[in-house]
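Reproduced below: run-v5.tsv, with TSV, C-alpha atoms.
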```
chain	number	residue	atom	x	y	z
B	541	MET	CA	168.13	-14.63	94.38
B	542	THR	CA	167.14	-14.09	98.03
B	543	ASP	CA	164.22	-15.83	99.74
B	544	ILE	CA	162.22	-12.59	99.58
B	545	SER	CA	162.90	-12.21	95.88
B	546	ARG	CA	161.72	-15.78	95.24
B	547	LEU	CA	158.56	-15.13	97.28
B	548	ILE	CA	157.74	-12.00	95.28
B	549	GLU	CA	158.36	-13.81	91.99
B	550	ALA	CA	156.12	-16.68	93.09
B	551	LEU	CA	153.33	-14.26	94.01
B	552	LYS	CA	153.55	-12.65	90.58
B	553	GLN	CA	153.32	-15.94	88.65
B	554	ALA	CA	151.09	-18.14	90.76
B	555	GLU	CA	147.29	-18.13	90.65
B	556	GLN	CA	147.26	-19.73	94.06
B	557	ILE	CA	150.04	-20.15	96.57
B	558	GLU	CA	150.19	-21.86	99.94
B	559	MET	CA	152.92	-21.01	102.46
B	560	GLU	CA	153.75	-23.13	105.48
B	561	GLY	CA	156.52	-22.86	108.04
B	562	ILE	CA	157.61	-19.45	106.77
B	563	LYS	CA	159.65	-17.25	109.07
B	564	VAL	CA	160.67	-13.75	107.98
B	565	VAL	CA	163.08	-11.63	110.05
B	566	ALA	CA	163.64	-8.08	108.82
B	567	ASP	CA	164.03	-4.55	110.12
B	568	GLU	CA	161.59	-3.32	107.46
B	569	LEU	CA	159.56	-5.32	104.96
B	570	GLU	CA	157.44	-3.99	102.13
B	571	LEU	CA	155.55	-6.19	99.66
B	572	THR	CA	153.86	-4.63	96.64
B	573	VAL	CA	151.61	-6.79	94.48
B	574	SER	CA	150.21	-5.33	91.29
B	575	PRO	CA	146.37	-5.66	91.08
B	576	LEU	CA	146.76	-6.93	87.55
B	577	SER	CA	148.80	-9.87	88.77
B	578	VAL	CA	145.97	-11.11	91.00
B	579	LEU	CA	143.03	-10.22	88.73
B	580	PRO	CA	142.93	-13.59	86.91
B	581	ALA	CA	142.79	-15.40	90.22
B	582	VAL	CA	139.96	-13.15	91.43
B	583	LYS	CA	137.99	-13.86	88.29
B	584	LYS	CA	138.30	-17.58	88.78
B	585	VAL	CA	137.33	-17.73	92.42
B	586	ALA	CA	134.51	-15.09	92.43
B	587	PRO	CA	131.14	-16.73	93.17
B	588	GLU	CA	128.39	-16.60	90.59
B	589	TYR	CA	125.13	-14.93	91.65
B	590	SER	CA	121.71	-15.58	90.17
B	591	VAL	CA	118.75	-13.19	90.28
B	592	GLN	CA	116.06	-14.46	92.65
B	593	THR	CA	112.44	-13.39	92.29
B	594	PHE	CA	110.51	-12.47	95.43
B	595	GLU	CA	107.40	-14.48	96.13
B	596	LYS	CA	104.92	-13.29	98.70
B	597	PRO	CA	104.63	-15.80	101.54
B	598	LEU	CA	101.40	-17.73	101.59
B	599	VAL	CA	99.98	-17.53	105.09
B	600	LYS	CA	96.64	-19.16	105.77
B	601	TYR	CA	94.63	-18.39	108.89
B	602	ARG	CA	91.52	-20.16	110.06
B	603	GLY	CA	89.68	-16.88	110.69
B	604	GLU	CA	88.99	-13.76	108.64
B	605	VAL	CA	87.69	-10.22	109.08
B	606	SER	CA	84.08	-9.61	108.18
B	607	PRO	CA	83.59	-7.04	105.39
B	608	VAL	CA	81.45	-4.00	106.29
B	609	ARG	CA	79.75	-2.11	103.48
B	610	LEU	CA	79.16	1.63	103.89
B	611	GLY	CA	76.94	3.77	101.68
B	612	ASN	CA	73.73	2.71	99.93
B	613	THR	CA	73.36	3.51	96.26
B	614	LYS	CA	69.98	4.08	94.62
B	615	ALA	CA	69.74	0.39	93.82
B	616	GLU	CA	70.26	-0.35	97.52
B	617	GLY	CA	67.67	2.13	98.75
B	618	GLY	CA	69.92	5.14	99.31
B	619	THR	CA	71.23	8.13	97.37
B	620	ARG	CA	75.01	7.58	97.47
B	621	ASN	CA	76.86	7.39	94.17
B	622	HIS	CA	78.96	4.45	95.34
B	623	SER	CA	79.49	2.09	98.26
B	624	ILE	CA	82.74	1.32	100.06
B	625	THR	CA	83.56	-2.07	101.54
B	626	VAL	CA	85.87	-2.00	104.54
B	627	GLY	CA	87.69	-5.07	105.81
B	628	GLY	CA	87.38	-8.62	104.53
B	629	ASP	CA	91.02	-9.32	105.43
B	630	LYS	CA	92.21	-12.90	105.33
B	631	THR	CA	95.83	-12.17	106.28
B	632	MET	CA	97.99	-9.45	107.75
B	633	PRO	CA	99.13	-6.76	105.28
B	634	PHE	CA	101.60	-8.07	102.65
B	635	GLU	CA	101.35	-11.71	103.72
B	636	SER	CA	99.11	-12.20	100.68
B	637	GLU	CA	96.43	-10.25	98.87
B	638	ASN	CA	93.52	-8.82	100.87
B	639	PRO	CA	90.30	-7.90	99.06
B	640	SER	CA	90.30	-4.15	99.72
B	641	LYS	CA	92.76	-1.30	100.20
B	642	PRO	CA	92.43	0.96	103.24
B	643	ALA	CA	89.54	3.43	103.05
B	644	VAL	CA	89.99	7.11	103.93
B	645	ALA	CA	87.33	9.57	105.11
B	646	PHE	CA	87.88	13.34	105.15
B	647	ASP	CA	87.02	14.93	108.50
B	648	VAL	CA	84.48	17.79	108.42
B	649	PHE	CA	83.17	19.70	111.46
B	650	ASP	CA	79.81	21.37	111.98
B	651	MET	CA	81.40	24.60	113.19
B	652	LYS	CA	84.58	26.57	112.71
B	653	ILE	CA	87.38	25.14	114.83
B	654	PRO	CA	91.06	26.07	115.32
B	655	LEU	CA	93.17	24.18	112.78
B	656	PRO	CA	96.92	24.09	112.15
B	657	SER	CA	97.98	26.29	109.24
B	658	PRO	CA	98.92	23.38	106.91
B	659	VAL	CA	95.31	22.16	107.26
B	660	ARG	CA	93.46	25.47	107.49
B	661	MET	CA	94.99	26.72	104.24
B	662	HIS	CA	92.93	24.14	102.33
B	663	PHE	CA	89.56	24.95	103.90
B	664	GLU	CA	89.73	28.59	105.02
B	665	GLU	CA	86.70	29.73	103.01
B	666	VAL	CA	84.34	26.91	104.08
B	667	LEU	CA	85.07	26.40	107.78
B	668	GLU	CA	81.73	27.84	108.87
B	669	ASP	CA	79.62	25.77	106.44
B	670	PRO	CA	79.89	21.99	106.91
B	671	ALA	CA	77.97	21.21	103.71
B	672	GLU	CA	80.34	23.37	101.63
B	673	TRP	CA	83.31	21.95	103.53
B	674	ALA	CA	82.24	18.42	102.61
B	675	LYS	CA	81.59	19.48	99.01
B	676	LEU	CA	85.08	20.95	98.72
B	677	CYS	CA	86.58	17.70	100.00
B	678	VAL	CA	84.77	15.75	97.30
B	679	ASP	CA	84.96	18.16	94.36
B	680	LYS	CA	88.52	19.45	94.83
B	681	TYR	CA	90.30	16.70	96.74
B	682	GLY	CA	88.47	13.62	95.49
B	683	ALA	CA	87.16	12.37	98.83
B	684	ASP	CA	85.60	8.90	98.63
B	685	MET	CA	83.97	9.35	102.04
B	686	VAL	CA	83.45	12.15	104.56
B	687	THR	CA	82.95	12.29	108.32
B	688	ILE	CA	80.71	14.98	109.80
B	689	HIS	CA	81.60	15.66	113.43
B	690	LEU	CA	78.69	17.25	115.33
B	691	ILE	CA	80.90	18.84	117.98
B	692	SER	CA	78.73	21.93	118.41
B	693	THR	CA	76.22	19.75	120.29
B	694	ASP	CA	78.54	19.55	123.29
B	695	PRO	CA	76.96	21.45	126.22
B	696	GLY	CA	80.33	23.04	126.89
B	697	ILE	CA	80.64	24.40	123.34
B	698	LYS	CA	77.36	25.55	121.72
B	699	ASP	CA	74.89	23.00	123.09
B	700	THR	CA	73.29	22.67	119.65
B	701	THR	CA	70.12	20.57	119.85
B	702	ALA	CA	69.84	17.06	118.45
B	703	ARG	CA	67.24	18.33	115.98
B	704	GLU	CA	69.65	21.00	114.68
B	705	ALA	CA	72.38	18.37	114.39
B	706	ALA	CA	70.05	16.17	112.35
B	707	LYS	CA	69.42	19.12	109.99
B	708	THR	CA	73.19	19.48	109.52
B	709	VAL	CA	73.40	15.80	108.62
B	710	GLU	CA	70.63	16.26	106.05
B	711	ASP	CA	72.44	19.25	104.53
B	712	VAL	CA	75.70	17.32	104.15
B	713	LEU	CA	73.86	14.33	102.66
B	714	GLN	CA	72.36	16.67	100.08
B	715	ALA	CA	75.68	18.37	99.33
B	716	VAL	CA	77.70	15.22	98.65
B	717	LYS	CA	76.77	11.75	97.45
B	718	VAL	CA	79.63	9.76	98.96
B	719	PRO	CA	79.32	7.38	101.96
B	720	MET	CA	79.28	9.17	105.30
B	721	ILE	CA	80.46	8.73	108.86
B	722	ILE	CA	78.43	10.63	111.46
B	723	GLY	CA	80.18	11.54	114.71
B	724	GLY	CA	78.98	13.25	117.87
B	725	SER	CA	80.83	15.48	120.29
B	726	GLY	CA	81.96	12.73	122.65
B	727	ASN	CA	79.73	13.97	125.45
B	728	PRO	CA	78.32	10.83	127.15
B	729	ASP	CA	75.08	12.53	128.17
B	730	LYS	CA	74.30	14.29	124.90
B	731	ASP	CA	75.63	11.93	122.24
B	732	PRO	CA	73.03	9.14	122.55
B	733	GLU	CA	70.15	11.46	121.61
B	734	VAL	CA	72.20	13.35	119.01
B	735	LEU	CA	73.33	10.19	117.25
B	736	LYS	CA	69.85	8.68	117.42
B	737	LYS	CA	68.38	11.72	115.65
B	738	ALA	CA	71.26	11.75	113.15
B	739	ALA	CA	70.71	8.07	112.38
B	740	GLU	CA	67.04	8.77	111.72
B	741	ALA	CA	67.88	11.72	109.46
B	742	ALA	CA	70.19	9.49	107.39
B	743	GLN	CA	67.82	6.52	107.28
B	744	GLY	CA	68.58	4.15	104.40
B	745	GLU	CA	71.97	5.69	103.56
B	746	ARG	CA	74.03	3.05	105.39
B	747	CYS	CA	76.26	5.45	107.34
B	748	LEU	CA	78.78	4.62	110.06
B	749	ILE	CA	77.59	6.07	113.38
B	750	ASN	CA	80.54	7.25	115.46
B	751	SER	CA	80.46	5.99	118.15
B	752	VAL	CA	79.41	3.78	121.03
B	753	SER	CA	81.57	3.10	124.06
B	754	MET	CA	81.27	1.56	127.52
B	755	ASN	CA	80.30	4.91	129.07
B	756	LEU	CA	77.72	5.81	126.39
B	757	ASP	CA	74.23	4.36	126.03
B	758	TYR	CA	75.30	1.74	123.50
B	759	LYS	CA	71.84	0.18	123.54
B	760	LYS	CA	70.17	3.40	122.40
B	761	ILE	CA	72.73	4.15	119.70
B	762	GLY	CA	73.04	0.53	118.60
B	763	SER	CA	69.26	0.18	118.32
B	764	ALA	CA	69.07	3.37	116.26
B	765	CYS	CA	71.62	1.85	113.87
B	766	LEU	CA	69.58	-1.33	113.59
B	767	ASP	CA	66.33	0.55	113.02
B	768	ASN	CA	67.76	2.83	110.35
B	769	GLY	CA	70.16	0.50	108.53
B	770	HIS	CA	73.51	1.86	109.67
B	771	ALA	CA	76.79	0.42	110.92
B	772	VAL	CA	78.25	1.46	114.27
B	773	LEU	CA	81.76	2.34	115.45
B	774	SER	CA	82.72	0.43	118.59
B	775	TRP	CA	85.21	2.65	120.44
B	776	THR	CA	87.50	1.62	123.29
B	777	GLN	CA	90.75	2.95	124.72
B	778	LEU	CA	93.72	0.71	123.91
B	779	ASP	CA	92.38	-2.34	125.74
B	780	ILE	CA	91.71	-5.52	123.81
B	781	ASN	CA	89.59	-7.04	126.59
B	782	ASN	CA	87.32	-3.98	126.77
B	783	GLN	CA	86.98	-4.15	122.99
B	784	LYS	CA	85.82	-7.75	123.19
B	785	THR	CA	83.35	-6.89	125.96
B	786	LEU	CA	81.83	-3.95	124.08
B	787	ASN	CA	81.51	-6.00	120.90
B	788	LYS	CA	79.67	-8.71	122.82
B	789	HIS	CA	77.23	-6.09	124.15
B	790	LEU	CA	76.56	-4.96	120.58
B	791	PHE	CA	76.00	-8.55	119.46
B	792	SER	CA	73.52	-9.00	122.30
B	793	ILE	CA	71.23	-6.26	120.96
B	794	GLY	CA	71.18	-7.71	117.45
B	795	LEU	CA	74.08	-6.12	115.60
B	796	LYS	CA	76.17	-8.49	113.50
B	797	LYS	CA	79.81	-8.50	112.47
B	798	GLU	CA	78.95	-6.80	109.19
B	799	ASP	CA	77.41	-3.92	111.17
B	800	ILE	CA	80.41	-3.13	113.40
B	801	ILE	CA	83.77	-1.42	112.91
B	802	MET	CA	86.16	-1.17	115.86
B	803	ASP	CA	88.13	1.88	116.95
B	804	PRO	CA	90.72	0.90	119.60
B	805	THR	CA	91.96	4.56	119.77
B	806	THR	CA	94.75	6.19	117.80
B	807	ALA	CA	97.65	7.74	119.69
B	808	PRO	CA	99.76	9.82	117.29
B	809	LEU	CA	103.34	9.40	116.25
B	810	GLY	CA	105.61	10.27	119.17
B	811	TYR	CA	102.74	10.24	121.70
B	812	GLY	CA	101.90	6.57	122.12
B	813	LEU	CA	101.68	5.33	118.52
B	814	GLU	CA	103.43	2.14	119.59
B	815	PHE	CA	100.54	1.35	121.96
B	816	SER	CA	97.97	1.83	119.21
B	817	PHE	CA	100.05	-0.26	116.82
B	818	SER	CA	100.44	-3.06	119.36
B	819	THR	CA	96.74	-3.09	120.27
B	820	MET	CA	95.54	-3.08	116.68
B	821	GLU	CA	98.01	-5.77	115.67
B	822	ARG	CA	96.92	-7.99	118.57
B	823	ILE	CA	93.26	-7.49	117.65
B	824	ARG	CA	93.89	-8.32	114.00
B	825	LEU	CA	95.98	-11.41	114.74
B	826	ALA	CA	93.39	-12.65	117.25
B	827	ALA	CA	90.67	-12.24	114.62
B	828	LEU	CA	92.65	-14.15	112.00
B	829	LYS	CA	93.35	-16.90	114.50
B	830	GLY	CA	89.62	-17.36	115.07
B	831	ASP	CA	88.41	-14.97	117.81
B	832	ASP	CA	84.77	-14.32	116.79
B	833	ASP	CA	84.50	-11.26	119.05
B	834	LEU	CA	87.20	-9.37	117.14
B	835	GLN	CA	86.53	-10.31	113.51
B	836	MET	CA	85.50	-6.82	112.39
B	837	PRO	CA	87.42	-4.07	110.56
B	838	ILE	CA	89.54	-1.57	112.51
B	839	ALA	CA	89.26	2.21	112.20
B	840	SER	CA	91.70	4.97	113.15
B	841	GLY	CA	91.00	8.58	114.09
B	842	THR	CA	94.24	9.55	112.39
B	843	THR	CA	93.51	13.27	112.63
B	844	ASN	CA	94.68	12.85	116.25
B	845	ALA	CA	98.21	13.06	114.82
B	846	TRP	CA	97.79	16.84	114.66
B	847	GLY	CA	97.60	16.87	118.45
B	848	ALA	CA	101.35	16.27	118.55
B	849	ARG	CA	103.21	19.57	118.88
B	850	GLU	CA	105.83	18.33	116.43
B	851	ALA	CA	103.11	18.30	113.76
B	852	TRP	CA	102.09	21.95	114.04
B	853	MET	CA	104.63	23.94	116.08
B	854	LYS	CA	106.86	26.40	114.26
B	855	ALA	CA	110.38	25.29	115.11
B	856	PRO	CA	113.00	25.93	112.39
B	857	GLU	CA	115.32	23.27	113.81
B	858	TRP	CA	112.59	20.66	113.18
B	859	GLY	CA	112.29	21.51	109.50
B	860	ASP	CA	109.55	22.95	107.31
B	861	TRP	CA	106.31	22.69	109.29
B	862	GLU	CA	104.15	22.73	106.15
B	863	LYS	CA	105.75	19.41	105.23
B	864	ARG	CA	106.34	18.13	108.77
B	865	GLY	CA	102.66	18.22	109.76
B	866	PRO	CA	101.31	16.32	106.75
B	867	LEU	CA	104.13	13.79	107.13
B	868	TRP	CA	103.21	13.33	110.79
B	869	GLU	CA	99.61	12.42	109.92
B	870	ALA	CA	100.57	10.27	106.91
B	871	VAL	CA	103.19	8.27	108.83
B	872	THR	CA	100.71	7.69	111.67
B	873	ALA	CA	98.24	6.27	109.13
B	874	MET	CA	100.91	4.22	107.38
B	875	SER	CA	102.08	2.64	110.64
B	876	LEU	CA	98.58	1.60	111.66
B	877	TRP	CA	97.81	0.22	108.20
B	878	LEU	CA	100.75	-2.14	108.67
B	879	ALA	CA	99.20	-3.21	112.00
B	880	GLY	CA	95.97	-4.20	110.23
B	881	CYS	CA	93.87	-1.01	110.31
B	882	ASN	CA	91.26	-0.69	107.53
B	883	LEU	CA	89.58	2.73	107.80
B	884	PHE	CA	91.29	6.08	108.37
B	885	MET	CA	89.60	9.33	109.36
B	886	MET	CA	92.03	12.07	108.28
B	887	ILE	CA	91.89	15.83	107.70
B	888	CYS	CA	94.80	17.18	105.65
B	889	PRO	CA	94.52	16.68	101.87
B	890	THR	CA	98.29	16.54	101.54
B	891	SER	CA	98.51	13.81	104.20
B	892	ILE	CA	95.78	11.81	102.51
B	893	GLU	CA	97.39	12.07	99.08
B	894	LEU	CA	100.73	11.06	100.57
B	895	PHE	CA	99.26	8.11	102.46
B	896	LYS	CA	97.34	6.86	99.41
B	897	SER	CA	100.43	7.12	97.21
B	898	MET	CA	102.46	5.06	99.71
B	899	VAL	CA	99.72	2.43	99.82
B	900	ASP	CA	99.58	2.30	96.02
B	901	VAL	CA	103.33	1.84	95.67
B	902	LEU	CA	103.63	-0.76	98.42
B	903	SER	CA	100.63	-2.64	97.04
B	904	SER	CA	101.89	-2.67	93.46
B	905	ASP	CA	104.52	-4.69	91.65
B	906	LYS	CA	106.73	-1.66	90.96
B	907	LYS	CA	110.36	-2.47	91.66
B	908	GLU	CA	111.80	1.02	92.14
B	909	ILE	CA	110.93	4.53	93.19
B	910	THR	CA	110.63	6.89	90.22
B	911	ASP	CA	110.47	10.66	89.91
B	912	ASP	CA	106.67	10.67	89.90
B	913	MET	CA	106.68	9.20	93.41
B	914	ASN	CA	108.06	12.35	95.02
B	915	TRP	CA	106.19	11.76	98.28
B	916	ILE	CA	107.89	14.43	100.35
B	917	GLY	CA	107.16	17.10	97.76
B	918	LEU	CA	103.42	16.44	97.48
```
Here is the file; what I need is its structure written in the form of structure tokens.
Amino acid sequence: MTDISRLIEALKQAEQIEMEGIKVVADELELTVSPLSVLPAVKKVAPEYSVQTFEKPLVKYRGEVSPVRLGNTKAEGGTRNHSITVGGDKTMPFESENPSKPAVAFDVFDMKIPLPSPVRMHFEEVLEDPAEWAKLCVDKYGADMVTIHLISTDPGIKDTTAREAAKTVEDVLQAVKVPMIIGGSGNPDKDPEVLKKAAEAAQGERCLINSVSMNLDYKKIGSACLDNGHAVLSWTQLDINNQKTLNKHLFSIGLKKEDIIMDPTTAPLGYGLEFSFSTMERIRLAALKGDDDLQMPIASGTTNAWGAREAWMKAPEWGDWEKRGPLWEAVTAMSLWLAGCNLFMMICPTSIELFKSMVDVLSSDKKEITDDMNWIGL
């Protein structure tokens, strides 16, 4: 028997073999080892694995986010059918349990505006009636909260008077009994009076007045919130230091943490989302680490996602736009929730359903995705 023959025979019989000082000289060498001959050895040396259960890390911070309650029920002096508490976070998302899931408000406008087809298809028949628009959001799509944007008050659009805007607010309050956010047009000269009148029209309902900023008369709007029992949205543009400064101004006129929600500005997916994510995450971490000036909930104007052309433009190479647009808004919301955002102002019912389903799954103890979680097909 040759040396090669002995080597092959040894490989067939041995469970383990060590070779040392072996030198093989050959023009051509082929070794074939049957899998069955090595299977016993594999069975003996294979490591044993045990199933490990995942335990959420326990992270304790010295600070926490103040809860802000929106909507007064009859027992609280209002007419809403329920209240919503925003914030109250004690950790970052998923580090441990926080007291409330993210809240979502459906955007409604006080006049007909151009909307992308995947959004317009849901509201075509009510776009000229804000009260009916809000009612459709609640009755058909199950809205827990609505935002009425008084954009017609802008002097460059319709220049609707503050009194007319207040009447619109009253109409929407009558049409739906969910908590409300009241927004102006963003015009720094017109908004203070418009939002003051709107706050008076909604006295006792505990609305969120949207918004005050460094270039608006925050004293006038903030005082109207104090006088009429509302919370205020403190809006800045992706600058944590400006956010702290504006919050301090609001504290100085008597507003407390439980009266303020911050909006550091939402840039949509593909158009600066990373800046919004970074700013919101820094604000949330600073609050949890003890910064008193930032310990309020964070809001996102997630409807901004529809400003990205990828959300609404018909481009076959980008895929089905009726799915792409809702995904664009939902993913923008999802990203900012992970950064610590608490309140989302959104517009597309499909996006909202998708976002809520993702939150439910990620917040639950379900271990796998099942057929009823067909997110893309919503």
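Considering all atoms listed in the file, the residue among B:Pro728, B:Pro658, B:Pro719, B:Gly682 positioned nearest to Glu869 of chain B is B:Pro658.
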Can you tell me, as JSON, numbers by chain, which residues sit within 8 Å of (84.9, -10.6, 115.7) in the file's frame, using all atoms listed in the file?
-> {"B": [605, 606, 787, 797, 827, 831, 832, 833, 834, 835, 836]}
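Minimum distance to Ala683 of chain B across B:Val901, B:Thr843, B:Phe646, B:Leu735 (counting all atoms listed in the file) occurs at B:Phe646.
Using all atoms listed in the file, the smallest distance between any of B:Thr776, B:Asn638, B:Ser657, B:Thr700 and Glu862 of chain B comes from B:Ser657.
The residue that comes closest to Thr805 of chain B, out of B:Cys747, B:Val666, B:Val678, B:Ile838 and on the basis of only C-alpha atoms, is B:Ile838.
Using only C-alpha atoms, the set of residues no farther than 9 Å from the position (98.5, 10.6, 107.7) comprises B:Thr842, B:Thr843, B:Ala845, B:Gly865, B:Pro866, B:Leu867, B:Trp868, B:Glu869, B:Ala870, B:Val871, B:Thr872, B:Ala873, B:Met874, B:Phe884, B:Met886, B:Ile887, B:Cys888, B:Thr890, B:Ser891, B:Ile892, B:Glu893, B:Leu894, B:Phe895.
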Nearest residue to Val899 of chain B from the set B:Lys675, B:Glu616, B:Pro642, B:Lys563 (distances using only C-alpha atoms) | B:Pro642
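Each of B:His622, B:Gln743, B:Cys677, B:Val608 was checked against Ser640 of chain B using only C-alpha atoms; the smallest atom-to-atom distance is that of B:Val608.
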Would you place a box with edges along x, y and z of the file around all atoms of segment 661-671 of chain B listed there, add 3 Å to each of its six sides, and report the centre and edge lengths in Å to one decimal, as lines of an AutoDock Vina configuration file?
```
center_x = 86.5
center_y = 25.5
center_z = 105.6
size_x = 23.0
size_y = 14.5
size_z = 12.5
```
